[in-house]
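Asker: Pasting query23.txt below, which is compact mmCIF, N, CA and C atoms and all ligand atoms.
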```
# COMPACT_ATOMS: atom_id res chain seq x y z
N MET B 1 73.98 30.13 -30.27
CA MET B 1 72.76 30.46 -29.53
C MET B 1 71.89 31.38 -30.35
N VAL B 2 70.60 31.32 -30.08
CA VAL B 2 69.65 32.17 -30.80
C VAL B 2 68.65 32.78 -29.82
N LYS B 3 68.03 33.85 -30.26
CA LYS B 3 66.84 34.35 -29.56
C LYS B 3 65.65 34.06 -30.45
N ILE B 4 64.67 33.40 -29.89
CA ILE B 4 63.42 33.14 -30.61
C ILE B 4 62.43 34.20 -30.14
N GLU B 5 61.87 34.91 -31.09
CA GLU B 5 60.93 35.98 -30.76
C GLU B 5 59.63 35.68 -31.48
N ALA B 6 58.57 35.44 -30.72
CA ALA B 6 57.29 35.07 -31.34
C ALA B 6 56.21 36.06 -30.94
N ILE B 7 55.36 36.42 -31.91
CA ILE B 7 54.19 37.26 -31.65
C ILE B 7 52.98 36.36 -31.85
N VAL B 8 52.18 36.19 -30.80
CA VAL B 8 51.03 35.28 -30.90
C VAL B 8 49.76 35.97 -30.41
N ARG B 9 48.63 35.35 -30.73
CA ARG B 9 47.34 35.87 -30.25
C ARG B 9 47.24 35.72 -28.74
N LYS B 10 46.58 36.69 -28.10
CA LYS B 10 46.37 36.61 -26.65
C LYS B 10 45.61 35.34 -26.29
N GLU B 11 44.61 34.99 -27.10
CA GLU B 11 43.74 33.83 -26.80
C GLU B 11 44.51 32.52 -26.90
N LYS B 12 45.62 32.50 -27.62
CA LYS B 12 46.38 31.26 -27.80
C LYS B 12 47.53 31.17 -26.81
N PHE B 13 47.79 32.25 -26.10
CA PHE B 13 49.00 32.29 -25.29
C PHE B 13 49.04 31.22 -24.20
N ASP B 14 47.92 30.98 -23.53
CA ASP B 14 47.90 29.96 -22.46
C ASP B 14 48.36 28.60 -22.98
N ASP B 15 47.83 28.19 -24.11
CA ASP B 15 48.21 26.90 -24.69
C ASP B 15 49.69 26.88 -25.05
N VAL B 16 50.15 27.97 -25.67
CA VAL B 16 51.56 28.05 -26.06
C VAL B 16 52.44 27.97 -24.82
N CYS B 17 52.07 28.71 -23.78
CA CYS B 17 52.86 28.80 -22.56
C CYS B 17 52.94 27.44 -21.87
N LYS B 18 51.81 26.76 -21.73
CA LYS B 18 51.81 25.45 -21.07
C LYS B 18 52.68 24.45 -21.82
N ALA B 19 52.56 24.45 -23.14
CA ALA B 19 53.36 23.52 -23.95
C ALA B 19 54.85 23.84 -23.83
N LEU B 20 55.20 25.12 -23.78
CA LEU B 20 56.61 25.49 -23.65
C LEU B 20 57.15 25.11 -22.27
N GLU B 21 56.31 25.28 -21.24
CA GLU B 21 56.74 24.90 -19.88
C GLU B 21 57.08 23.42 -19.80
N ARG B 22 56.30 22.61 -20.51
CA ARG B 22 56.52 21.16 -20.51
C ARG B 22 57.75 20.77 -21.32
N SER B 23 58.23 21.66 -22.19
CA SER B 23 59.25 21.29 -23.18
C SER B 23 60.67 21.31 -22.65
N GLY B 24 60.88 21.86 -21.47
CA GLY B 24 62.24 21.89 -20.94
C GLY B 24 63.08 23.07 -21.38
N ILE B 25 62.45 24.16 -21.85
CA ILE B 25 63.24 25.36 -22.16
C ILE B 25 63.76 25.98 -20.87
N GLY B 26 64.84 26.76 -21.01
CA GLY B 26 65.45 27.36 -19.83
C GLY B 26 64.60 28.44 -19.18
N GLY B 27 63.81 29.14 -19.98
CA GLY B 27 62.97 30.21 -19.47
C GLY B 27 62.39 31.00 -20.62
N MET B 28 61.57 31.98 -20.31
CA MET B 28 61.08 32.88 -21.36
C MET B 28 60.62 34.19 -20.76
N THR B 29 60.53 35.20 -21.61
CA THR B 29 60.06 36.52 -21.21
C THR B 29 58.83 36.86 -22.05
N VAL B 30 57.82 37.42 -21.42
CA VAL B 30 56.54 37.66 -22.10
C VAL B 30 56.15 39.13 -21.93
N THR B 31 55.72 39.73 -23.02
CA THR B 31 55.30 41.14 -23.01
C THR B 31 54.01 41.30 -23.80
N THR B 32 53.14 42.16 -23.33
CA THR B 32 51.97 42.52 -24.12
C THR B 32 52.38 43.63 -25.08
N VAL B 33 52.10 43.45 -26.37
CA VAL B 33 52.53 44.43 -27.38
C VAL B 33 51.35 44.79 -28.28
N GLN B 34 51.55 45.78 -29.12
CA GLN B 34 50.55 46.12 -30.14
C GLN B 34 51.23 46.09 -31.49
N GLY B 35 50.50 45.65 -32.51
CA GLY B 35 51.10 45.64 -33.83
C GLY B 35 50.07 45.44 -34.92
N PHE B 36 50.56 45.49 -36.17
CA PHE B 36 49.71 45.14 -37.30
C PHE B 36 50.50 44.32 -38.29
N GLY B 37 49.79 43.55 -39.09
CA GLY B 37 50.41 42.75 -40.15
C GLY B 37 49.94 43.27 -41.50
N HIS B 38 49.91 42.38 -42.48
CA HIS B 38 49.55 42.79 -43.84
C HIS B 38 48.15 43.40 -43.93
N HIS B 39 47.30 43.00 -43.01
CA HIS B 39 45.88 43.38 -43.18
C HIS B 39 45.56 44.78 -42.70
N ARG B 40 46.45 45.33 -41.93
CA ARG B 40 46.35 46.74 -41.53
C ARG B 40 44.97 47.14 -41.02
N ASN B 41 44.45 46.31 -40.10
CA ASN B 41 43.17 46.72 -39.51
C ASN B 41 43.39 47.33 -38.12
N GLY B 42 44.33 48.26 -38.06
CA GLY B 42 44.60 48.96 -36.81
C GLY B 42 45.51 48.14 -35.91
N LEU B 43 45.98 48.75 -34.82
CA LEU B 43 46.87 48.05 -33.90
C LEU B 43 46.08 47.03 -33.09
N GLN B 44 46.55 45.80 -33.08
CA GLN B 44 45.92 44.72 -32.31
C GLN B 44 46.83 44.36 -31.14
N GLU B 45 46.23 44.03 -30.00
CA GLU B 45 47.04 43.59 -28.87
C GLU B 45 47.47 42.14 -29.08
N LYS B 46 48.76 41.90 -28.95
CA LYS B 46 49.33 40.55 -29.13
C LYS B 46 50.27 40.28 -27.96
N ILE B 47 50.72 39.04 -27.88
CA ILE B 47 51.70 38.67 -26.86
C ILE B 47 53.04 38.37 -27.54
N LYS B 48 54.09 38.99 -27.04
CA LYS B 48 55.44 38.70 -27.55
C LYS B 48 56.17 37.79 -26.57
N ILE B 49 56.73 36.72 -27.10
CA ILE B 49 57.48 35.74 -26.30
C ILE B 49 58.94 35.80 -26.73
N GLU B 50 59.85 35.87 -25.78
CA GLU B 50 61.28 35.83 -26.10
C GLU B 50 61.93 34.67 -25.36
N ILE B 51 62.68 33.86 -26.10
CA ILE B 51 63.34 32.68 -25.51
C ILE B 51 64.79 32.64 -25.99
N TYR B 52 65.73 32.52 -25.06
CA TYR B 52 67.13 32.28 -25.42
C TYR B 52 67.33 30.78 -25.48
N SER B 53 67.93 30.29 -26.55
CA SER B 53 68.01 28.85 -26.76
C SER B 53 69.30 28.47 -27.46
N ASP B 54 69.70 27.19 -27.31
CA ASP B 54 70.79 26.73 -28.16
C ASP B 54 70.20 26.27 -29.50
N GLU B 55 71.06 26.12 -30.49
CA GLU B 55 70.61 25.81 -31.85
C GLU B 55 69.86 24.49 -31.91
N PHE B 56 70.21 23.55 -31.02
CA PHE B 56 69.63 22.21 -31.10
C PHE B 56 68.14 22.19 -30.78
N GLN B 57 67.70 23.13 -29.97
CA GLN B 57 66.29 23.13 -29.53
C GLN B 57 65.38 23.99 -30.40
N VAL B 58 65.98 24.75 -31.33
CA VAL B 58 65.19 25.75 -32.06
C VAL B 58 64.00 25.15 -32.81
N ASP B 59 64.26 24.09 -33.59
CA ASP B 59 63.18 23.52 -34.41
C ASP B 59 62.03 23.03 -33.55
N THR B 60 62.36 22.40 -32.42
CA THR B 60 61.32 21.90 -31.51
C THR B 60 60.49 23.05 -30.96
N ILE B 61 61.16 24.13 -30.54
CA ILE B 61 60.44 25.26 -29.96
C ILE B 61 59.54 25.93 -31.00
N VAL B 62 60.08 26.10 -32.21
CA VAL B 62 59.27 26.71 -33.29
C VAL B 62 58.03 25.86 -33.55
N GLU B 63 58.22 24.55 -33.57
CA GLU B 63 57.09 23.65 -33.85
C GLU B 63 56.05 23.72 -32.71
N ILE B 64 56.51 23.77 -31.48
CA ILE B 64 55.58 23.87 -30.34
C ILE B 64 54.77 25.17 -30.44
N ILE B 65 55.43 26.26 -30.77
CA ILE B 65 54.72 27.54 -30.87
C ILE B 65 53.72 27.48 -32.02
N ARG B 66 54.16 26.99 -33.17
CA ARG B 66 53.25 26.93 -34.33
C ARG B 66 52.02 26.08 -34.03
N GLU B 67 52.27 24.88 -33.48
CA GLU B 67 51.16 23.95 -33.20
C GLU B 67 50.11 24.58 -32.30
N ASN B 68 50.57 25.36 -31.32
CA ASN B 68 49.66 25.87 -30.30
C ASN B 68 49.13 27.26 -30.59
N ALA B 69 49.75 27.98 -31.53
CA ALA B 69 49.33 29.36 -31.81
C ALA B 69 48.47 29.47 -33.06
N LYS B 70 48.37 28.39 -33.81
CA LYS B 70 47.75 28.44 -35.13
C LYS B 70 46.23 28.34 -35.05
N THR B 71 45.55 29.26 -35.77
CA THR B 71 44.10 29.13 -35.92
C THR B 71 43.72 29.02 -37.40
N ASP B 72 44.67 29.34 -38.27
CA ASP B 72 44.48 29.41 -39.72
C ASP B 72 43.78 30.69 -40.18
N ALA B 73 43.34 31.53 -39.25
CA ALA B 73 42.79 32.83 -39.64
C ALA B 73 43.93 33.84 -39.75
N THR B 74 43.72 34.91 -40.51
CA THR B 74 44.78 35.91 -40.63
C THR B 74 45.05 36.54 -39.27
N GLY B 75 46.33 36.81 -39.02
CA GLY B 75 46.71 37.44 -37.76
C GLY B 75 47.26 36.48 -36.73
N ASP B 76 47.63 35.26 -37.13
CA ASP B 76 48.18 34.28 -36.17
C ASP B 76 49.54 34.69 -35.63
N GLY B 77 50.25 35.58 -36.36
CA GLY B 77 51.50 36.11 -35.83
C GLY B 77 52.74 35.63 -36.55
N LYS B 78 53.88 35.80 -35.92
CA LYS B 78 55.19 35.53 -36.54
C LYS B 78 56.10 34.84 -35.53
N ILE B 79 57.12 34.14 -36.07
CA ILE B 79 58.20 33.61 -35.22
C ILE B 79 59.51 34.03 -35.88
N ALA B 80 60.37 34.74 -35.16
CA ALA B 80 61.66 35.18 -35.70
C ALA B 80 62.78 34.49 -34.94
N ILE B 81 63.85 34.14 -35.66
CA ILE B 81 65.04 33.54 -35.05
C ILE B 81 66.19 34.52 -35.26
N LEU B 82 66.79 34.97 -34.18
CA LEU B 82 67.87 35.96 -34.26
C LEU B 82 69.14 35.35 -33.68
N ASP B 83 70.27 35.57 -34.36
CA ASP B 83 71.55 35.13 -33.81
C ASP B 83 71.81 35.85 -32.49
N LEU B 84 72.30 35.10 -31.52
CA LEU B 84 72.57 35.67 -30.19
C LEU B 84 74.08 35.56 -29.95
N GLU B 85 74.73 36.69 -29.81
CA GLU B 85 76.18 36.70 -29.68
C GLU B 85 76.65 36.08 -28.38
N ASN B 86 76.01 36.42 -27.28
CA ASN B 86 76.41 35.84 -26.00
C ASN B 86 75.27 36.03 -25.00
N LEU B 87 75.34 35.27 -23.93
CA LEU B 87 74.33 35.34 -22.87
C LEU B 87 75.06 35.17 -21.54
N TYR B 88 74.73 35.98 -20.56
CA TYR B 88 75.36 35.87 -19.24
C TYR B 88 74.30 35.55 -18.21
N ARG B 89 74.61 34.66 -17.31
CA ARG B 89 73.75 34.47 -16.12
C ARG B 89 74.30 35.40 -15.05
N ILE B 90 73.49 36.34 -14.64
CA ILE B 90 73.97 37.41 -13.76
C ILE B 90 74.49 36.85 -12.44
N ARG B 91 73.75 35.90 -11.85
CA ARG B 91 74.11 35.41 -10.52
C ARG B 91 75.48 34.75 -10.49
N THR B 92 75.76 33.89 -11.48
CA THR B 92 76.96 33.05 -11.42
C THR B 92 78.10 33.55 -12.31
N GLY B 93 77.78 34.41 -13.27
CA GLY B 93 78.79 34.85 -14.22
C GLY B 93 79.01 33.87 -15.36
N GLU B 94 78.27 32.74 -15.36
CA GLU B 94 78.39 31.80 -16.48
C GLU B 94 77.99 32.51 -17.76
N GLU B 95 78.53 32.03 -18.89
CA GLU B 95 78.16 32.63 -20.16
C GLU B 95 78.01 31.57 -21.24
N GLY B 96 77.47 31.98 -22.37
CA GLY B 96 77.22 31.06 -23.47
C GLY B 96 76.10 30.11 -23.13
N ALA B 97 76.14 28.92 -23.73
CA ALA B 97 75.05 27.94 -23.53
C ALA B 97 74.85 27.59 -22.07
N ALA B 98 75.92 27.65 -21.28
CA ALA B 98 75.81 27.35 -19.84
C ALA B 98 74.93 28.34 -19.11
N ALA B 99 74.72 29.50 -19.69
CA ALA B 99 73.91 30.55 -19.04
C ALA B 99 72.42 30.40 -19.36
N ILE B 100 72.08 29.51 -20.29
CA ILE B 100 70.66 29.34 -20.67
C ILE B 100 69.88 28.76 -19.49
N1 LIG B 201 56.76 42.68 -40.61
C1 LIG B 201 56.48 42.68 -39.31
N2 LIG B 201 57.36 43.20 -38.45
C2 LIG B 201 57.12 43.21 -37.12
N3 LIG B 201 56.03 42.69 -36.56
C3 LIG B 201 55.11 42.14 -37.38
C4 LIG B 201 55.29 42.11 -38.79
N4 LIG B 201 54.22 41.51 -39.33
C5 LIG B 201 53.42 41.18 -38.31
N5 LIG B 201 53.95 41.55 -37.13
C6 LIG B 201 53.38 41.36 -35.81
O1 LIG B 201 52.60 40.16 -35.82
C7 LIG B 201 51.25 40.44 -35.49
C8 LIG B 201 50.35 39.54 -36.28
O2 LIG B 201 50.64 39.75 -37.63
P1 LIG B 201 49.93 38.91 -38.72
O3 LIG B 201 49.83 37.51 -38.27
O4 LIG B 201 48.66 39.58 -39.12
O5 LIG B 201 50.98 38.95 -39.91
P2 LIG B 201 50.66 38.77 -41.43
O6 LIG B 201 51.99 38.65 -42.08
O7 LIG B 201 49.72 39.83 -41.87
O8 LIG B 201 50.00 37.32 -41.51
P3 LIG B 201 48.48 36.91 -41.81
O9 LIG B 201 48.39 36.81 -43.27
O10 LIG B 201 48.32 35.61 -41.12
O11 LIG B 201 47.60 37.96 -41.21
C9 LIG B 201 51.09 41.91 -35.77
O12 LIG B 201 50.05 42.46 -34.99
C10 LIG B 201 52.44 42.46 -35.38
O13 LIG B 201 52.52 42.60 -33.99
MG MG B 202 47.76 39.94 -40.92
```
Using the file provided, produce a representation of the structure as structure tokens.
Ligand SMILES: Nc1ncnc2c1ncn2[C@@H]1O[C@H](COP(=O)(O)OP(=O)(O)OP(=O)(O)O)[C@@H](O)[C@H]1O
Ligand SMILES: [Mg+2]

Answerer:
Amino acid sequence: MVKIEAIVRKEKFDDVCKALERSGIGGMTVTTVQGFGHHRNGLQEKIKIEIYSDEFQVDTIVEIIRENAKTDATGDGKIAILDLENLYRIRTGEEGAAAI
């Protein structure tokens, strides 16, 4: 399992969100954040998306985010893939991929 963590432009978030909703992911968490990249033009407000996923869906999710978040201007953001040791569904106690 992995955690996909993406930082995207606020203006692109609606498109990214709708495409992800259609894709069959288990869920996602969204936070408004501030950050800077290489260009260092002060802190910019961005949207951070977090998705717990199995390995099989990662490439599809990354592609959906890239397709919908890209403007080709500097500051389009990042997508990080982090190993996820375990995941629990609080209500049922299921764990691992079954908890996604
Ligand atoms: N190294 C980093 N670590 C953590 N967050 C980052 C990093 N680089 C960028 N971010 C986050 O991504 C946002 C957008 O960054 P940005 O797209 O400008 O990255 P970049 O590498 O400078 O790429 P670009 O050349 O397209 O501008 C930043 O505001 C910040 O929130
Ligand atoms: Mg930048």

Asker: Any idea what the distance is between atom N1 of ligand LIG 201 (chain B) and atom C of B:Gly26?

Answerer: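 Going from atom N1 of ligand LIG 201 (chain B) over to atom C of B:Gly26 covers 26.9 Å.
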
Asker: If DSSP is run on the backbone, what residues of chain B are alpha helix (DSSP H)? A reply as number ranges by chain would be ideal.

Answerer: B: 10-22, 58-69

Asker: Quick one: contact table of stretch 18-52 of chain B to stretch 81-92 of chain B, 10 Å max, nearest atom pair and distance in Å to one decimal per residue, counting only C-alpha atoms, chain and number order, as a tab-separated table?

Answerer:
```
residue	atom	partner	partner_atom	distance
B:Glu50	CA	B:Ile81	CA	10.0
B:Ile51	CA	B:Ile81	CA	9.7
B:Tyr52	CA	B:Leu84	CA	8.0
```

Asker: Set the cut-off to 6 Å, count only C-alpha atoms and all ligand atoms, and list whatever residues fall near ligand MG 202 (chain B) as an MDAnalysis selection string.

Answerer: chainID B and resid 37:39 74:75

Asker: I'd like the box whose edges run along x, y and z of the file and which contains every listed atom of ligand LIG 201 (chain B), padded by 8 Å per side; could you state its centre and edge lengths in Å, one decimal, as JSON?

Answerer:
```
{"center_x": 52.5, "center_y": 39.4, "center_z": -38.6, "size_x": 25.8, "size_y": 23.6, "size_z": 25.3}
```

Asker: When the cut-off is 7 Å and you count only N, CA and C atoms and all ligand atoms, which residues lie near ligand LIG 201 (chain B), shown as a PyMOL selection string?

Answerer: chain B and resi 7-8+33-40+43-46+72-78

Asker: Could you jot down the atom CA of B:Thr31 to atom CA of B:Arg66 separation for me, Å, one decimal place?

Answerer: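 These two atoms are separated by 18.3 Å.
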
Asker: Excluding same-chain residues fewer than 6 positions from stretch 16-23 of chain B, what lies within 8 Å of it counting only N, CA and C atoms, as number ranges by chain?

Answerer: B: 61, 64-69

Asker: Which of these residues is nearest to B:Lys10, using only N, CA and C atoms: B:Gly96, B:Asp59, B:Ile47, B:Gly42?

Answerer: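 Of B:Gly96, B:Asp59, B:Ile47, B:Gly42, the one nearest B:Lys10, counting only N, CA and C atoms, is B:Ile47.
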
Asker: What parts of stretch 15-64 of chain B does DSSP call strand (DSSP E or B)? I'd like the answer as number ranges by chain.

Answerer: B: 29-35, 44-53

Asker: Report as a list in words all protein, DNA and RNA residues lying within 6 Å of B:Ser53, evaluated on all atoms listed in the file, omitting residues in the same chain fewer than 3 positions from it.

Answerer: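 Answer for this query is Met1, Val2, Lys3 and Ile4 of chain B.
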
Asker: If I only have part of stretch 63-86 of chain B, can you fill in N, CA, C and O atoms and write it as a PDB file, in the frame of the given file?

Answerer:
```pdb
ATOM      1  N   GLU B  63      58.220  24.550 -33.570  1.00  0.00           N
ATOM      2  CA  GLU B  63      57.090  23.650 -33.850  1.00  0.00           C
ATOM      3  C   GLU B  63      56.050  23.720 -32.710  1.00  0.00           C
ATOM      4  O   GLU B  63      54.844  23.762 -32.985  1.00  0.00           O
ATOM      5  N   ILE B  64      56.510  23.770 -31.480  1.00  0.00           N
ATOM      6  CA  ILE B  64      55.580  23.870 -30.340  1.00  0.00           C
ATOM      7  C   ILE B  64      54.770  25.170 -30.440  1.00  0.00           C
ATOM      8  O   ILE B  64      53.542  25.184 -30.243  1.00  0.00           O
ATOM      9  N   ILE B  65      55.430  26.260 -30.770  1.00  0.00           N
ATOM     10  CA  ILE B  65      54.720  27.540 -30.870  1.00  0.00           C
ATOM     11  C   ILE B  65      53.720  27.480 -32.020  1.00  0.00           C
ATOM     12  O   ILE B  65      52.550  27.865 -31.860  1.00  0.00           O
ATOM     13  N   ARG B  66      54.160  26.990 -33.170  1.00  0.00           N
ATOM     14  CA  ARG B  66      53.250  26.930 -34.330  1.00  0.00           C
ATOM     15  C   ARG B  66      52.020  26.080 -34.030  1.00  0.00           C
ATOM     16  O   ARG B  66      50.895  26.477 -34.280  1.00  0.00           O
ATOM     17  N   GLU B  67      52.270  24.880 -33.480  1.00  0.00           N
ATOM     18  CA  GLU B  67      51.160  23.950 -33.200  1.00  0.00           C
ATOM     19  C   GLU B  67      50.110  24.580 -32.300  1.00  0.00           C
ATOM     20  O   GLU B  67      48.917  24.360 -32.465  1.00  0.00           O
ATOM     21  N   ASN B  68      50.570  25.360 -31.320  1.00  0.00           N
ATOM     22  CA  ASN B  68      49.660  25.870 -30.300  1.00  0.00           C
ATOM     23  C   ASN B  68      49.130  27.260 -30.590  1.00  0.00           C
ATOM     24  O   ASN B  68      48.161  27.694 -29.950  1.00  0.00           O
ATOM     25  N   ALA B  69      49.750  27.980 -31.530  1.00  0.00           N
ATOM     26  CA  ALA B  69      49.330  29.360 -31.810  1.00  0.00           C
ATOM     27  C   ALA B  69      48.470  29.470 -33.060  1.00  0.00           C
ATOM     28  O   ALA B  69      47.878  30.517 -33.327  1.00  0.00           O
ATOM     29  N   LYS B  70      48.370  28.390 -33.810  1.00  0.00           N
ATOM     30  CA  LYS B  70      47.750  28.440 -35.130  1.00  0.00           C
ATOM     31  C   LYS B  70      46.230  28.340 -35.050  1.00  0.00           C
ATOM     32  O   LYS B  70      45.688  27.498 -34.358  1.00  0.00           O
ATOM     33  N   THR B  71      45.550  29.260 -35.770  1.00  0.00           N
ATOM     34  CA  THR B  71      44.100  29.130 -35.920  1.00  0.00           C
ATOM     35  C   THR B  71      43.720  29.020 -37.400  1.00  0.00           C
ATOM     36  O   THR B  71      42.583  28.742 -37.727  1.00  0.00           O
ATOM     37  N   ASP B  72      44.670  29.340 -38.270  1.00  0.00           N
ATOM     38  CA  ASP B  72      44.480  29.410 -39.720  1.00  0.00           C
ATOM     39  C   ASP B  72      43.780  30.690 -40.180  1.00  0.00           C
ATOM     40  O   ASP B  72      43.655  30.925 -41.377  1.00  0.00           O
ATOM     41  N   ALA B  73      43.340  31.530 -39.250  1.00  0.00           N
ATOM     42  CA  ALA B  73      42.790  32.830 -39.640  1.00  0.00           C
ATOM     43  C   ALA B  73      43.930  33.840 -39.750  1.00  0.00           C
ATOM     44  O   ALA B  73      44.995  33.638 -39.159  1.00  0.00           O
ATOM     45  N   THR B  74      43.720  34.910 -40.510  1.00  0.00           N
ATOM     46  CA  THR B  74      44.780  35.910 -40.630  1.00  0.00           C
ATOM     47  C   THR B  74      45.050  36.540 -39.270  1.00  0.00           C
ATOM     48  O   THR B  74      44.127  36.735 -38.479  1.00  0.00           O
ATOM     49  N   GLY B  75      46.330  36.810 -39.020  1.00  0.00           N
ATOM     50  CA  GLY B  75      46.710  37.440 -37.760  1.00  0.00           C
ATOM     51  C   GLY B  75      47.260  36.480 -36.730  1.00  0.00           C
ATOM     52  O   GLY B  75      47.393  36.846 -35.561  1.00  0.00           O
ATOM     53  N   ASP B  76      47.630  35.260 -37.130  1.00  0.00           N
ATOM     54  CA  ASP B  76      48.180  34.280 -36.170  1.00  0.00           C
ATOM     55  C   ASP B  76      49.540  34.690 -35.630  1.00  0.00           C
ATOM     56  O   ASP B  76      49.946  34.227 -34.575  1.00  0.00           O
ATOM     57  N   GLY B  77      50.250  35.580 -36.360  1.00  0.00           N
ATOM     58  CA  GLY B  77      51.500  36.110 -35.830  1.00  0.00           C
ATOM     59  C   GLY B  77      52.740  35.630 -36.550  1.00  0.00           C
ATOM     60  O   GLY B  77      52.676  35.105 -37.664  1.00  0.00           O
ATOM     61  N   LYS B  78      53.880  35.800 -35.920  1.00  0.00           N
ATOM     62  CA  LYS B  78      55.190  35.530 -36.540  1.00  0.00           C
ATOM     63  C   LYS B  78      56.100  34.840 -35.530  1.00  0.00           C
ATOM     64  O   LYS B  78      55.944  35.003 -34.308  1.00  0.00           O
ATOM     65  N   ILE B  79      57.120  34.140 -36.070  1.00  0.00           N
ATOM     66  CA  ILE B  79      58.200  33.610 -35.220  1.00  0.00           C
ATOM     67  C   ILE B  79      59.510  34.030 -35.880  1.00  0.00           C
ATOM     68  O   ILE B  79      59.731  33.708 -37.055  1.00  0.00           O
ATOM     69  N   ALA B  80      60.370  34.740 -35.160  1.00  0.00           N
ATOM     70  CA  ALA B  80      61.660  35.180 -35.700  1.00  0.00           C
ATOM     71  C   ALA B  80      62.780  34.490 -34.940  1.00  0.00           C
ATOM     72  O   ALA B  80      62.692  34.284 -33.720  1.00  0.00           O
ATOM     73  N   ILE B  81      63.850  34.140 -35.660  1.00  0.00           N
ATOM     74  CA  ILE B  81      65.040  33.540 -35.050  1.00  0.00           C
ATOM     75  C   ILE B  81      66.190  34.520 -35.260  1.00  0.00           C
ATOM     76  O   ILE B  81      66.518  34.850 -36.399  1.00  0.00           O
ATOM     77  N   LEU B  82      66.790  34.970 -34.180  1.00  0.00           N
ATOM     78  CA  LEU B  82      67.870  35.960 -34.260  1.00  0.00           C
ATOM     79  C   LEU B  82      69.140  35.350 -33.680  1.00  0.00           C
ATOM     80  O   LEU B  82      69.107  34.705 -32.622  1.00  0.00           O
ATOM     81  N   ASP B  83      70.270  35.570 -34.360  1.00  0.00           N
ATOM     82  CA  ASP B  83      71.550  35.130 -33.810  1.00  0.00           C
ATOM     83  C   ASP B  83      71.810  35.850 -32.490  1.00  0.00           C
ATOM     84  O   ASP B  83      71.587  37.054 -32.386  1.00  0.00           O
ATOM     85  N   LEU B  84      72.300  35.100 -31.520  1.00  0.00           N
ATOM     86  CA  LEU B  84      72.570  35.670 -30.190  1.00  0.00           C
ATOM     87  C   LEU B  84      74.080  35.560 -29.950  1.00  0.00           C
ATOM     88  O   LEU B  84      74.622  34.454 -29.906  1.00  0.00           O
ATOM     89  N   GLU B  85      74.730  36.690 -29.810  1.00  0.00           N
ATOM     90  CA  GLU B  85      76.180  36.700 -29.680  1.00  0.00           C
ATOM     91  C   GLU B  85      76.650  36.080 -28.380  1.00  0.00           C
ATOM     92  O   GLU B  85      77.580  35.283 -28.356  1.00  0.00           O
ATOM     93  N   ASN B  86      76.010  36.420 -27.280  1.00  0.00           N
ATOM     94  CA  ASN B  86      76.410  35.840 -26.000  1.00  0.00           C
ATOM     95  C   ASN B  86      75.270  36.030 -25.000  1.00  0.00           C
ATOM     96  O   ASN B  86      74.351  36.828 -25.227  1.00  0.00           O
TER      97      ASN B  86
END
```
